[in-house]
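Asks: Enclosed is the structure file start16.cif (mmCIF, C-alpha atoms).
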```cif
data_model
loop_
_atom_site.label_atom_id
_atom_site.label_comp_id
_atom_site.auth_asym_id
_atom_site.auth_seq_id
_atom_site.Cartn_x
_atom_site.Cartn_y
_atom_site.Cartn_z
CA MET A 20 -50.70 29.47 -50.14
CA ALA A 21 -49.47 28.97 -46.56
CA ASN A 22 -53.08 28.11 -45.56
CA LYS A 23 -53.21 25.42 -48.24
CA LEU A 24 -50.08 23.75 -46.89
CA GLN A 25 -51.54 24.00 -43.40
CA GLU A 26 -54.72 22.39 -44.67
CA ARG A 27 -52.68 19.57 -46.17
CA PHE A 28 -50.45 19.23 -43.09
CA PRO A 29 -52.39 20.25 -39.95
CA THR A 30 -49.26 19.99 -37.78
CA ILE A 31 -47.92 23.18 -39.37
CA ARG A 32 -48.21 26.03 -36.89
CA THR A 33 -49.02 29.61 -37.71
CA ARG A 34 -46.38 32.31 -37.77
CA THR A 35 -47.83 33.76 -34.56
CA GLU A 36 -47.59 30.42 -32.77
CA VAL A 37 -43.99 29.93 -33.86
CA LEU A 38 -42.99 33.42 -32.71
CA TYR A 39 -44.81 32.94 -29.40
CA GLU A 40 -42.87 29.76 -28.60
CA ILE A 41 -39.58 31.45 -29.48
CA GLN A 42 -40.27 34.57 -27.45
CA ARG A 43 -41.37 32.73 -24.30
CA SER A 44 -37.96 30.99 -24.15
CA ALA A 45 -34.93 33.16 -23.35
CA HIS A 46 -32.62 30.56 -24.90
CA LEU A 47 -34.58 30.33 -28.16
CA ASN A 48 -35.03 34.09 -28.29
CA ASP A 49 -31.24 34.56 -27.94
CA ILE A 50 -30.66 32.23 -30.88
CA PHE A 51 -33.37 33.94 -32.96
CA SER A 52 -32.06 37.44 -32.26
CA VAL A 53 -28.58 36.58 -33.58
CA TRP A 54 -29.98 35.82 -37.04
CA THR A 55 -30.37 38.53 -39.66
CA LYS A 56 -33.84 39.74 -40.57
CA ALA A 57 -33.75 37.74 -43.80
CA GLN A 58 -32.70 34.59 -41.94
CA GLN A 59 -35.49 35.06 -39.39
CA GLU A 60 -38.03 35.41 -42.18
CA GLU A 61 -36.72 32.31 -43.93
CA PHE A 62 -37.04 30.28 -40.71
CA LEU A 63 -40.56 31.55 -39.98
CA ASP A 64 -41.64 30.91 -43.57
CA PHE A 65 -40.83 27.20 -43.63
CA CYS A 66 -42.03 26.62 -40.07
CA SER A 67 -45.40 28.28 -40.81
CA GLY A 68 -45.86 26.85 -44.31
CA ALA A 69 -45.43 30.15 -46.16
CA ARG A 70 -42.63 28.31 -47.93
CA GLY A 71 -41.82 24.63 -48.05
CA ILE A 72 -38.98 23.10 -46.11
CA LYS A 73 -35.68 23.06 -47.98
CA MET A 74 -34.99 19.35 -47.93
CA LEU A 75 -31.35 19.92 -48.90
CA TYR A 76 -30.70 21.29 -45.42
CA ASP A 77 -28.22 18.89 -43.90
CA SER A 78 -30.23 17.88 -40.85
CA PHE A 79 -33.51 17.48 -42.72
CA PHE A 80 -31.93 15.45 -45.51
CA LYS A 81 -30.15 13.12 -43.09
CA GLU A 82 -33.36 12.57 -41.13
CA ILE A 83 -35.60 12.11 -44.15
CA MET A 84 -33.17 10.02 -46.22
CA ASN A 85 -31.57 8.16 -43.30
CA PRO A 86 -30.45 4.80 -44.78
CA SER A 87 -30.48 3.21 -41.33
CA THR A 88 -34.12 3.98 -40.51
CA THR A 89 -35.79 4.43 -43.92
CA PRO A 90 -33.44 2.76 -46.45
CA GLU A 91 -36.23 2.37 -49.01
CA ARG A 92 -36.18 6.10 -49.75
CA LEU A 93 -32.48 6.35 -50.55
CA GLU A 94 -32.70 2.97 -52.33
CA GLU A 95 -35.41 4.23 -54.67
CA PHE A 96 -33.60 7.52 -55.30
CA LEU A 97 -30.30 5.76 -56.08
CA SER A 98 -32.09 3.20 -58.26
CA LEU A 99 -33.56 6.02 -60.36
CA VAL A 100 -30.28 7.93 -60.56
CA LEU A 101 -28.09 4.89 -61.34
CA GLU A 102 -30.78 3.34 -63.57
CA LYS A 103 -30.55 -0.05 -61.87
CA LYS A 104 -32.11 -1.78 -58.87
CA VAL A 105 -30.28 -0.76 -55.70
CA THR A 106 -30.38 -2.35 -52.27
CA ILE A 107 -28.55 -0.81 -49.31
CA VAL A 108 -26.93 -3.45 -47.13
CA LYS A 109 -24.75 -1.25 -44.93
CA VAL A 110 -24.12 2.36 -43.98
CA LEU A 111 -20.42 3.14 -43.99
CA PRO A 112 -18.85 5.69 -41.63
CA ASN A 113 -17.18 8.80 -42.96
CA ASP A 114 -13.44 8.24 -42.75
CA ASN A 115 -11.42 10.75 -40.72
CA THR A 116 -8.62 10.52 -43.29
CA ARG A 117 -10.81 12.04 -45.97
CA ILE A 118 -9.25 15.11 -47.55
CA ALA A 119 -9.30 17.56 -44.65
CA ASP A 120 -10.22 20.87 -46.24
CA GLU A 121 -12.81 19.44 -48.58
CA GLY A 122 -15.12 18.62 -45.69
CA THR A 123 -15.83 22.31 -45.37
CA LEU A 124 -17.53 22.24 -48.75
CA LEU A 125 -19.87 19.35 -48.01
CA VAL A 126 -23.35 19.78 -46.56
CA THR A 127 -24.28 16.11 -46.65
CA ASP A 128 -22.03 13.13 -47.15
CA ILE A 129 -23.73 9.72 -46.89
CA ILE A 130 -21.78 6.60 -47.85
CA VAL A 131 -23.58 3.26 -48.29
CA LYS A 132 -22.64 -0.22 -49.45
CA LEU A 133 -25.01 -1.68 -52.02
CA GLY A 134 -26.21 -5.24 -52.52
CA ASP A 135 -23.78 -5.94 -55.35
CA GLY A 136 -20.85 -4.83 -53.18
CA SER A 137 -20.45 -1.44 -54.84
CA ILE A 138 -20.20 1.77 -52.79
CA ALA A 139 -22.25 4.91 -53.29
CA ASN A 140 -21.42 8.30 -51.84
CA VAL A 141 -24.27 10.85 -51.84
CA GLU A 142 -23.10 14.43 -51.43
CA ILE A 143 -24.94 17.75 -51.36
CA GLN A 144 -23.22 20.99 -52.28
CA ARG A 145 -24.94 24.26 -51.43
CA SER A 146 -22.60 26.35 -53.60
CA GLY A 147 -20.82 25.20 -56.71
CA TYR A 148 -17.09 25.25 -56.10
CA ALA A 149 -14.14 25.56 -58.46
CA PHE A 150 -12.58 22.46 -60.02
CA PRO A 151 -15.58 20.12 -59.44
CA GLY A 152 -14.11 17.33 -61.57
CA GLN A 153 -10.78 17.27 -59.78
CA ARG A 154 -12.41 17.28 -56.35
CA CYS A 155 -14.89 14.52 -57.21
CA ALA A 156 -12.04 12.42 -58.59
CA CYS A 157 -10.19 12.82 -55.29
CA TYR A 158 -13.31 11.87 -53.27
CA SER A 159 -13.83 8.82 -55.44
CA ALA A 160 -10.18 7.81 -55.21
CA ASP A 161 -10.39 8.14 -51.43
CA MET A 162 -13.37 5.75 -51.26
CA LEU A 163 -11.75 3.34 -53.71
CA LEU A 164 -8.57 3.25 -51.64
CA ARG A 165 -10.57 2.67 -48.45
CA GLN A 166 -12.32 -0.28 -50.07
CA TYR A 167 -9.03 -1.67 -51.35
CA LYS A 168 -7.33 -1.43 -47.96
CA LYS A 169 -10.27 -3.02 -46.16
CA LEU A 170 -10.59 -5.95 -48.57
CA ARG A 171 -6.87 -6.55 -48.65
CA GLY A 172 -6.76 -6.53 -44.88
CA GLN A 173 -9.69 -8.94 -44.60
CA LYS A 174 -8.74 -11.42 -47.33
CA LYS A 175 -4.97 -11.11 -47.16
CA ARG A 176 -3.47 -13.65 -49.62
CA LYS A 177 -6.93 -14.55 -50.92
CA PHE A 178 -7.42 -10.96 -52.12
CA ARG A 179 -8.09 -10.53 -55.83
CA TYR A 180 -8.55 -7.26 -57.65
CA GLN A 181 -11.91 -8.48 -58.96
CA ASP A 182 -13.08 -8.30 -55.34
CA ILE A 183 -13.12 -4.50 -55.63
CA LYS A 184 -16.53 -3.20 -56.75
CA ASP A 185 -17.70 -0.01 -58.41
CA VAL A 186 -17.55 3.27 -56.54
CA TYR A 187 -20.34 5.78 -57.31
CA THR A 188 -20.11 9.47 -56.42
CA ILE A 189 -23.50 11.20 -56.63
CA VAL A 190 -23.36 14.98 -56.16
CA LEU A 191 -26.45 17.18 -55.82
CA TYR A 192 -25.73 20.88 -56.40
CA ALA A 193 -28.11 23.47 -54.98
CA LYS A 194 -26.14 26.05 -56.95
CA SER A 195 -24.14 24.43 -59.69
CA PRO A 196 -20.60 25.34 -60.82
CA LYS A 197 -20.30 27.56 -63.87
CA GLU A 198 -19.29 24.66 -66.13
CA PHE A 199 -22.84 23.28 -65.92
CA LYS A 200 -24.36 26.51 -67.24
CA LYS A 201 -23.16 25.52 -70.71
CA PHE A 202 -25.83 22.77 -70.69
CA PRO A 203 -29.02 24.58 -69.63
CA GLU A 204 -31.34 21.71 -70.65
CA ILE A 205 -29.45 18.86 -68.94
CA TYR A 206 -29.67 18.17 -65.21
CA CYS A 207 -28.18 14.67 -64.93
CA HIS A 208 -24.56 14.23 -66.00
CA TYR A 209 -23.04 10.73 -65.94
CA PHE A 210 -19.27 10.23 -66.03
CA GLN A 211 -17.03 7.19 -66.28
CA GLN A 212 -13.65 6.41 -67.81
CA THR A 213 -13.79 5.10 -71.40
CA SER A 214 -11.30 4.16 -74.08
CA ASP A 215 -10.95 6.03 -77.36
CA THR A 216 -10.70 2.66 -79.14
CA GLY A 217 -13.90 1.12 -77.77
CA LEU A 218 -12.02 -1.33 -75.53
CA GLN A 219 -14.30 -2.24 -72.60
CA ILE A 220 -12.52 -2.22 -69.21
CA ASN A 221 -14.24 -1.41 -65.93
CA MET A 222 -12.20 1.35 -64.27
CA LEU A 223 -14.53 1.22 -61.21
CA GLN A 224 -15.04 4.96 -60.65
CA LYS A 225 -18.36 6.41 -61.79
CA TYR A 226 -19.99 9.77 -61.16
CA VAL A 227 -23.42 11.38 -61.37
CA MET A 228 -23.69 15.16 -61.01
CA ILE A 229 -27.12 16.75 -60.70
CA PRO A 230 -27.41 20.58 -60.82
CA LEU A 231 -30.75 21.20 -59.10
CA ASP A 232 -30.85 24.88 -60.05
CA ILE A 233 -30.86 23.84 -63.71
CA PHE A 234 -33.45 21.14 -62.98
CA ARG A 235 -35.82 23.76 -61.52
CA LYS A 236 -35.65 25.81 -64.72
CA VAL A 237 -36.25 22.72 -66.86
CA ARG A 238 -39.15 21.62 -64.65
CA GLN A 239 -40.79 25.04 -65.01
CA ASN A 240 -40.95 24.46 -68.77
CA ARG A 241 -41.66 20.71 -68.90
CA GLY A 242 -43.23 19.88 -65.55
CA ILE A 243 -42.71 16.68 -63.55
CA ARG A 244 -42.36 13.93 -66.14
CA ASN A 245 -41.34 10.87 -64.13
CA ARG A 246 -40.47 9.49 -60.72
CA LEU A 247 -36.90 10.84 -60.79
CA ASP A 248 -38.27 14.31 -61.54
CA ALA A 249 -40.58 13.84 -58.55
CA TRP A 250 -37.65 13.10 -56.23
CA LEU A 251 -35.64 16.03 -57.58
CA THR A 252 -38.66 18.30 -57.14
CA PHE A 253 -39.00 17.10 -53.56
CA LEU A 254 -35.33 17.89 -52.90
CA ALA A 255 -35.08 21.16 -54.84
CA GLU A 256 -38.38 23.01 -54.43
CA ASP A 257 -39.79 25.03 -51.54
CA ASP A 258 -42.55 26.73 -53.55
CA PRO A 259 -45.88 25.64 -51.95
CA GLU A 260 -47.65 25.55 -55.31
CA VAL A 261 -45.02 23.18 -56.72
CA ILE A 262 -45.15 21.03 -53.58
CA LEU A 263 -48.93 20.67 -53.81
CA ASN A 264 -48.62 19.80 -57.50
CA LEU A 265 -46.05 17.13 -56.62
CA LEU A 266 -48.33 15.68 -53.94
CA GLY A 267 -51.22 15.65 -56.40
CA ARG A 268 -49.26 13.39 -58.74
CA TYR A 269 -47.29 11.41 -56.15
CA PRO A 270 -49.28 11.31 -52.88
CA ASP A 271 -46.77 8.99 -51.20
CA PHE A 272 -44.46 11.97 -50.65
CA SER A 273 -46.98 13.26 -48.11
CA ALA A 274 -45.56 10.89 -45.48
CA ILE A 275 -42.09 12.35 -45.97
CA TYR A 276 -43.37 15.92 -45.65
CA GLU A 277 -45.31 14.93 -42.52
CA GLN A 278 -42.08 13.63 -41.00
CA ALA A 279 -40.33 16.90 -41.85
CA TYR A 280 -43.09 18.99 -40.26
CA ALA A 281 -43.03 16.73 -37.23
CA ILE A 282 -39.35 17.68 -36.84
CA CYS A 283 -40.44 21.33 -36.84
CA GLN A 284 -42.60 20.67 -33.76
CA ASN A 285 -39.45 20.51 -31.64
CA MET A 286 -38.56 24.19 -31.80
CA GLU A 287 -35.20 23.86 -30.05
CA ASN A 288 -34.05 21.10 -32.41
CA VAL A 289 -35.24 22.79 -35.59
CA MET A 290 -33.61 26.08 -34.57
CA GLY A 291 -30.43 24.14 -33.91
CA PHE A 292 -30.74 22.57 -37.36
CA PHE A 293 -31.19 25.99 -38.94
CA SER A 294 -28.28 27.54 -37.02
CA GLU A 295 -26.04 24.71 -38.15
CA GLU A 296 -27.24 25.23 -41.72
CA LEU A 297 -26.35 28.92 -41.52
CA ARG A 298 -22.92 28.06 -40.14
CA ILE A 299 -22.32 25.59 -42.98
CA LEU A 300 -23.54 28.14 -45.51
CA ASP A 301 -21.17 30.80 -44.16
CA ARG A 302 -18.30 28.31 -44.24
CA ASN A 303 -19.13 27.21 -47.76
CA THR A 304 -19.53 30.80 -48.93
CA ALA A 305 -16.12 31.67 -47.51
CA GLN A 306 -14.55 28.62 -49.15
CA TYR A 307 -16.29 29.44 -52.44
CA MET A 308 -14.92 32.98 -52.30
CA ILE A 309 -11.45 31.62 -51.56
CA ASP A 310 -11.74 29.26 -54.54
CA GLU A 311 -12.92 32.08 -56.79
CA MET A 312 -10.10 34.35 -55.63
CA GLN A 313 -7.55 31.58 -56.13
CA LEU A 314 -8.96 30.89 -59.58
CA GLU A 315 -8.74 34.59 -60.42
CA ILE A 316 -5.16 34.70 -59.10
CA ASP A 317 -4.27 31.65 -61.21
CA GLN A 318 -5.86 33.25 -64.28
CA LYS A 319 -4.01 36.54 -63.67
CA LYS A 320 -0.80 34.61 -63.16
CA ALA A 321 -1.34 32.69 -66.40
CA GLU A 322 -2.13 35.95 -68.23
CA LEU A 323 1.02 37.55 -66.77
CA GLU A 324 3.11 34.57 -67.85
CA GLN A 325 1.65 34.84 -71.34
CA GLN A 326 2.40 38.57 -71.40
CA ASN A 327 5.96 37.92 -70.18
CA ALA A 328 6.40 35.28 -72.86
CA ALA A 329 5.04 37.69 -75.48
CA LEU A 330 7.38 40.42 -74.23
CA ALA A 331 10.33 38.03 -74.30
CA GLN A 332 9.44 37.03 -77.84
CA HIS A 333 9.04 40.70 -78.81
CA LYS A 334 12.39 41.50 -77.18
CA ASN A 335 14.00 38.64 -79.10
CA GLU A 336 12.48 39.90 -82.34
CA LEU A 337 13.76 43.43 -81.59
CA GLU A 338 17.22 42.06 -80.87
CA GLN A 339 17.15 40.15 -84.14
CA GLN A 340 16.01 43.27 -85.99
CA SER A 341 18.72 45.32 -84.25
CA ALA A 342 21.38 42.78 -85.25
CA LYS A 343 20.06 42.85 -88.79
CA LEU A 344 20.18 46.67 -88.82
CA GLU A 345 23.76 46.59 -87.54
CA GLN A 346 24.67 44.19 -90.33
CA GLN A 347 22.99 46.48 -92.83
CA ASN A 348 24.77 49.54 -91.36
CA THR A 349 28.13 47.73 -91.59
CA LYS A 350 27.42 46.79 -95.18
CA LEU A 351 26.32 50.34 -95.95
CA GLU A 352 29.50 51.73 -94.40
CA GLN A 353 31.53 49.31 -96.52
CA GLN A 354 29.63 50.41 -99.61
CA GLU A 355 30.18 54.07 -98.71
CA SER A 356 33.92 53.43 -98.24
CA GLU A 357 34.09 51.66 -101.58
CA LEU A 358 32.15 54.50 -103.18
CA ALA A 359 34.53 57.06 -101.70
CA GLN A 360 37.47 55.07 -103.07
CA GLN A 361 35.80 54.91 -106.47
CA LYS A 362 35.18 58.67 -106.38
CA ALA A 363 38.84 59.27 -105.50
CA GLU A 364 39.97 57.09 -108.39
CA ILE A 365 37.59 58.87 -110.75
CA ALA A 366 38.86 62.25 -109.56
CA LYS A 367 42.46 61.05 -110.07
CA ARG A 368 41.64 59.80 -113.54
CA ASN A 369 39.86 63.04 -114.36
CA ALA A 370 42.98 64.98 -113.27
CA GLU A 371 45.17 62.75 -115.41
CA ILE A 372 42.82 63.26 -118.36
CA LYS A 373 42.93 67.02 -117.83
CA GLN A 374 46.73 66.93 -117.75
CA LYS A 375 46.84 64.87 -120.94
CA ASP A 376 44.34 67.20 -122.56
CA ALA A 377 46.65 70.12 -121.65
CA GLU A 378 49.64 68.29 -123.09
CA ILE A 379 47.71 67.52 -126.27
CA ALA A 380 46.66 71.15 -126.50
CA GLN A 381 50.29 72.23 -126.14
CA GLN A 382 51.41 69.72 -128.80
CA ARG A 383 48.60 70.87 -131.07
CA THR A 384 49.65 74.49 -130.65
CA LEU A 385 53.26 73.52 -131.33
CA LEU A 386 52.21 71.55 -134.41
CA GLU A 387 50.18 74.45 -135.66
CA GLN A 388 53.21 76.71 -135.19
CA GLN A 389 55.41 74.22 -137.04
CA GLN A 390 52.84 73.96 -139.81
CA GLN A 391 52.73 77.76 -140.01
CA SER A 392 56.55 77.88 -140.21
CA LEU A 393 56.49 75.19 -142.85
CA LEU A 394 54.00 77.14 -144.95
CA GLN A 395 56.09 80.23 -144.63
CA LEU A 396 59.17 78.25 -145.65
CA GLN A 397 57.32 76.74 -148.61
CA GLU A 398 56.24 80.22 -149.70
CA ARG A 399 59.86 81.48 -149.56
CA ILE A 400 61.03 78.44 -151.49
CA ALA A 401 58.37 79.08 -154.11
CA LEU A 402 59.41 82.71 -154.32
CA LEU A 403 63.08 81.77 -154.70
CA GLU A 404 62.28 79.24 -157.38
CA LYS A 405 60.32 81.87 -159.24
CA ARG A 406 63.22 84.32 -159.06
CA LEU A 407 65.62 81.65 -160.18
CA GLU A 408 63.48 80.90 -163.24
CA THR A 409 63.39 84.57 -164.05
CA GLN A 410 67.19 84.85 -163.86
CA ASN A 411 67.75 81.74 -165.98
CA SER A 412 65.50 83.01 -168.69
#
```
What is this file in structure tokens?
Replies:
Amino acid sequence: MANKLQERFPTIRTRTEVLYEIQRSAHLNDIFSVWTKAQQEEFLDFCSGARGIKMLYDSFFKEIMNPSTTPERLEEFLSLVLEKKVTIVKVLPNDNTRIADEGTLLVTDIIVKLGDGSIANVEIQRSGYAFPGQRCACYSADMLLRQYKKLRGQKKRKFRYQDIKDVYTIVLYAKSPKEFKKFPEIYCHYFQQTSDTGLQINMLQKYVMIPLDIFRKVRQNRGIRNRLDAWLTFLAEDDPEVILNLLGRYPDFSAIYEQAYAICQNMENVMGFFSEELRILDRNTAQYMIDEMQLEIDQKKAELEQQNAALAQHKNELEQQSAKLEQQNTKLEQQESELAQQKAEIAKRNAEIKQKDAEIAQQRTLLEQQQQSLLQLQERIALLEKRLETQNS
């Protein structure tokens, strides 16, 4: 496949020629020897046509899409992305006051003023970072504030808020953040502030996020369907077969590839480009790892807070249960005391009953004795009466 790219672009040198030029220069050889084996192979592959040039490399993208020298390229790309005709009238400088740390995450950051007065910021991210929405909102707010300050300073008392135009933030992700993985069939996400009532008010800040890793998977299934797909293929793909397919459908991209391979003719410059790309990649990787670690720390902290809250709630429930048990124990003790009192009263009453029963038994015995005496007396009386009758007769 490398031979086919060389056939299409004769300026591409062979691997042997590239290595020869590097090795005959002590300076270039020193640079080359610092790279890892994988990095050396990657460099030799795109210089010799074994792989295509990765157009998302900062230096290549800025040369190829330079709005000062070839504005028509970025104009067409922005027109397709924003779905409206775009004309670049001015390239704006990157402001030194831009959020300091965030610059470490950016590979490319091109800011242009469009014909309708709106501002577009084109950014390339090699690695998807944490909190993409929050960061993009801060970038956009930064550009909006810059525009506001500039217009207010220029127009002074004549300044009107309607003078402020839309601010577009277009982000191309080589490796998209994890949030985008939830939409595996969508590779263009448009954002703007809207009302839940349908009220139409222009809030000025608009965003387009394009995960190129997802686009590549979609393209593998559906192919290149339109001009926007062609541009995204140009930016995202380094597979020679895909590049040749793109050129078969859209031959005008050949001129752009020829410019890129012309850059590769200057070995010192292209090695400098690649070294800078590796430095940016290392910096971005480190920042990405920091973001991931901070996100993990935040998640662990949130989990710990939830666990502490659950423990506090559990402790409160236990305290409530303990108080309830104490109340129940107190009540039980009261009931036991009352029961003991009742048992004592019953025992006292039983003793009184026994005493009365004994008294009754004594009285019954006494009565029986009296009855016995009475019977004996009655018998004696009857005997005396009988004797008396006998004597009288």
Asks: By how many Å are CA of Lys236 in chain A and CA of Pro203 in chain A apart?
Replies: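 Straight-line distance from CA of Lys236 in chain A to CA of Pro203 in chain A works out to 8.3 Å.
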Asks: Could you write out as a short mmCIF file (atom, residue, chain, number, x, y, z; two decimals) with C-alpha atoms, in the coordinates of the input the residues that the PyMOL selection byres ((chain A and resi 260-271) around 9) matches in the shown file?
Replies:
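Below is the file expr-v3.cif, written as the result:
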```cif
data_model
loop_
_atom_site.label_atom_id
_atom_site.label_comp_id
_atom_site.auth_asym_id
_atom_site.auth_seq_id
_atom_site.Cartn_x
_atom_site.Cartn_y
_atom_site.Cartn_z
CA MET A 20 -50.70 29.47 -50.14
CA LYS A 23 -53.21 25.42 -48.24
CA LEU A 24 -50.08 23.75 -46.89
CA ARG A 27 -52.68 19.57 -46.17
CA GLY A 71 -41.82 24.63 -48.05
CA ILE A 243 -42.71 16.68 -63.55
CA ARG A 246 -40.47 9.49 -60.72
CA ALA A 249 -40.58 13.84 -58.55
CA THR A 252 -38.66 18.30 -57.14
CA PHE A 253 -39.00 17.10 -53.56
CA GLU A 256 -38.38 23.01 -54.43
CA ASP A 257 -39.79 25.03 -51.54
CA ASP A 258 -42.55 26.73 -53.55
CA PRO A 259 -45.88 25.64 -51.95
CA PHE A 272 -44.46 11.97 -50.65
CA SER A 273 -46.98 13.26 -48.11
CA ALA A 274 -45.56 10.89 -45.48
CA ILE A 275 -42.09 12.35 -45.97
#
```
Asks: For range 60-66 of chain A, work out the shell of residues within 10 Å, counting all atoms listed in the file and skipping chain neighbours fewer than 4 positions away, then give it as a PyMOL selection string.
Replies: chain A and resi 21+31-38+51+54-56+70-73+257+259+280+282-284+286+289-290+293-294
Asks: Restricting it to C-alpha atoms, dump the selection as a CSV table (one decimal), keeping the file's coordinate frame.
Replies:
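Resulting contents of result.csv:
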```
chain,number,residue,atom,x,y,z
A,21,ALA,CA,-49.5,29.0,-46.6
A,31,ILE,CA,-47.9,23.2,-39.4
A,32,ARG,CA,-48.2,26.0,-36.9
A,33,THR,CA,-49.0,29.6,-37.7
A,34,ARG,CA,-46.4,32.3,-37.8
A,35,THR,CA,-47.8,33.8,-34.6
A,36,GLU,CA,-47.6,30.4,-32.8
A,37,VAL,CA,-44.0,29.9,-33.9
A,38,LEU,CA,-43.0,33.4,-32.7
A,51,PHE,CA,-33.4,33.9,-33.0
A,54,TRP,CA,-30.0,35.8,-37.0
A,55,THR,CA,-30.4,38.5,-39.7
A,56,LYS,CA,-33.8,39.7,-40.6
A,70,ARG,CA,-42.6,28.3,-47.9
A,71,GLY,CA,-41.8,24.6,-48.0
A,72,ILE,CA,-39.0,23.1,-46.1
A,73,LYS,CA,-35.7,23.1,-48.0
A,257,ASP,CA,-39.8,25.0,-51.5
A,259,PRO,CA,-45.9,25.6,-52.0
A,280,TYR,CA,-43.1,19.0,-40.3
A,282,ILE,CA,-39.4,17.7,-36.8
A,283,CYS,CA,-40.4,21.3,-36.8
A,284,GLN,CA,-42.6,20.7,-33.8
A,286,MET,CA,-38.6,24.2,-31.8
A,289,VAL,CA,-35.2,22.8,-35.6
A,290,MET,CA,-33.6,26.1,-34.6
A,293,PHE,CA,-31.2,26.0,-38.9
A,294,SER,CA,-28.3,27.5,-37.0
```
Asks: What is the distance between CA of Leu75 in chain A and CA of Ser146 in chain A, in Å to one decimal?
Replies: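 Taking CA of Leu75 in chain A and CA of Ser146 in chain A, their separation equals 11.8 Å.
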Asks: Compare A:Tyr192, A:Tyr209, A:Phe80, A:Phe28 by their minimum atom-to-atom distance to Arg145 in chain A, counting all atoms listed in the file, and give me the closest one.
Replies: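 That would be A:Tyr192, the residue with the smallest distance to Arg145 in chain A.
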Asks: Which residue is closest to Glu95 in chain A? Choose from A:Ser137, A:Gln166, A:Arg154, A:Leu247 and count only C-alpha atoms.
Replies: A:Leu247
Asks: When you count only C-alpha atoms, which of these residues is closest to Ile50 in chain A: A:Asn221, A:Asn288, A:Gln382, A:Gln325?
Replies: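 When distances to Ile50 in chain A are compared using only C-alpha atoms, the smallest one comes from A:Asn288.
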Asks: Name the residues that the PyMOL selection byres ((chain A and resi 129) around 12) pulls out of this structure, and write them as a JSON list (two decimals) with C-alpha atoms, in the coordinates of the input.
Replies:
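Wrote part_5.json, looks like this:
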```
[["chain", "number", "residue", "atom", "x", "y", "z"],
["A", 77, "ASP", "CA", -28.22, 18.89, -43.90],
["A", 80, "PHE", "CA", -31.93, 15.45, -45.51],
["A", 81, "LYS", "CA", -30.15, 13.12, -43.09],
["A", 82, "GLU", "CA", -33.36, 12.57, -41.13],
["A", 84, "MET", "CA", -33.17, 10.02, -46.22],
["A", 85, "ASN", "CA", -31.57, 8.16, -43.30],
["A", 86, "PRO", "CA", -30.45, 4.80, -44.78],
["A", 87, "SER", "CA", -30.48, 3.21, -41.33],
["A", 90, "PRO", "CA", -33.44, 2.76, -46.45],
["A", 93, "LEU", "CA", -32.48, 6.35, -50.55],
["A", 97, "LEU", "CA", -30.30, 5.76, -56.08],
["A", 107, "ILE", "CA", -28.55, -0.81, -49.31],
["A", 109, "LYS", "CA", -24.75, -1.25, -44.93],
["A", 110, "VAL", "CA", -24.12, 2.36, -43.98],
["A", 111, "LEU", "CA", -20.42, 3.14, -43.99],
["A", 112, "PRO", "CA", -18.85, 5.69, -41.63],
["A", 113, "ASN", "CA", -17.18, 8.80, -42.96],
["A", 114, "ASP", "CA", -13.44, 8.24, -42.75],
["A", 125, "LEU", "CA", -19.87, 19.35, -48.01],
["A", 126, "VAL", "CA", -23.35, 19.78, -46.56],
["A", 127, "THR", "CA", -24.28, 16.11, -46.65],
["A", 128, "ASP", "CA", -22.03, 13.13, -47.15],
["A", 130, "ILE", "CA", -21.78, 6.60, -47.85],
["A", 131, "VAL", "CA", -23.58, 3.26, -48.29],
["A", 132, "LYS", "CA", -22.64, -0.22, -49.45],
["A", 138, "ILE", "CA", -20.20, 1.77, -52.79],
["A", 139, "ALA", "CA", -22.25, 4.91, -53.29],
["A", 140, "ASN", "CA", -21.42, 8.30, -51.84],
["A", 141, "VAL", "CA", -24.27, 10.85, -51.84],
["A", 142, "GLU", "CA", -23.10, 14.43, -51.43],
["A", 143, "ILE", "CA", -24.94, 17.75, -51.36],
["A", 162, "MET", "CA", -13.37, 5.75, -51.26],
["A", 187, "TYR", "CA", -20.34, 5.78, -57.31],
["A", 188, "THR", "CA", -20.11, 9.47, -56.42],
["A", 189, "ILE", "CA", -23.50, 11.20, -56.63],
["A", 190, "VAL", "CA", -23.36, 14.98, -56.16],
["A", 191, "LEU", "CA", -26.45, 17.18, -55.82]]
```
Asks: Go ahead and find all residues with at least one atom no further than 12 Å from (-19.9, 21.6, -66.9) in the file's coordinates, using all atoms listed in the file; report them as a ChimeraX atom specification.
Replies: /A:147-152,195-203,205-210,228-230,233
Asks: Between CA of Val186 in chain A and CA of Glu94 in chain A, what is the distance in Å, rounded to a tenth?
Replies: 15.7 Å
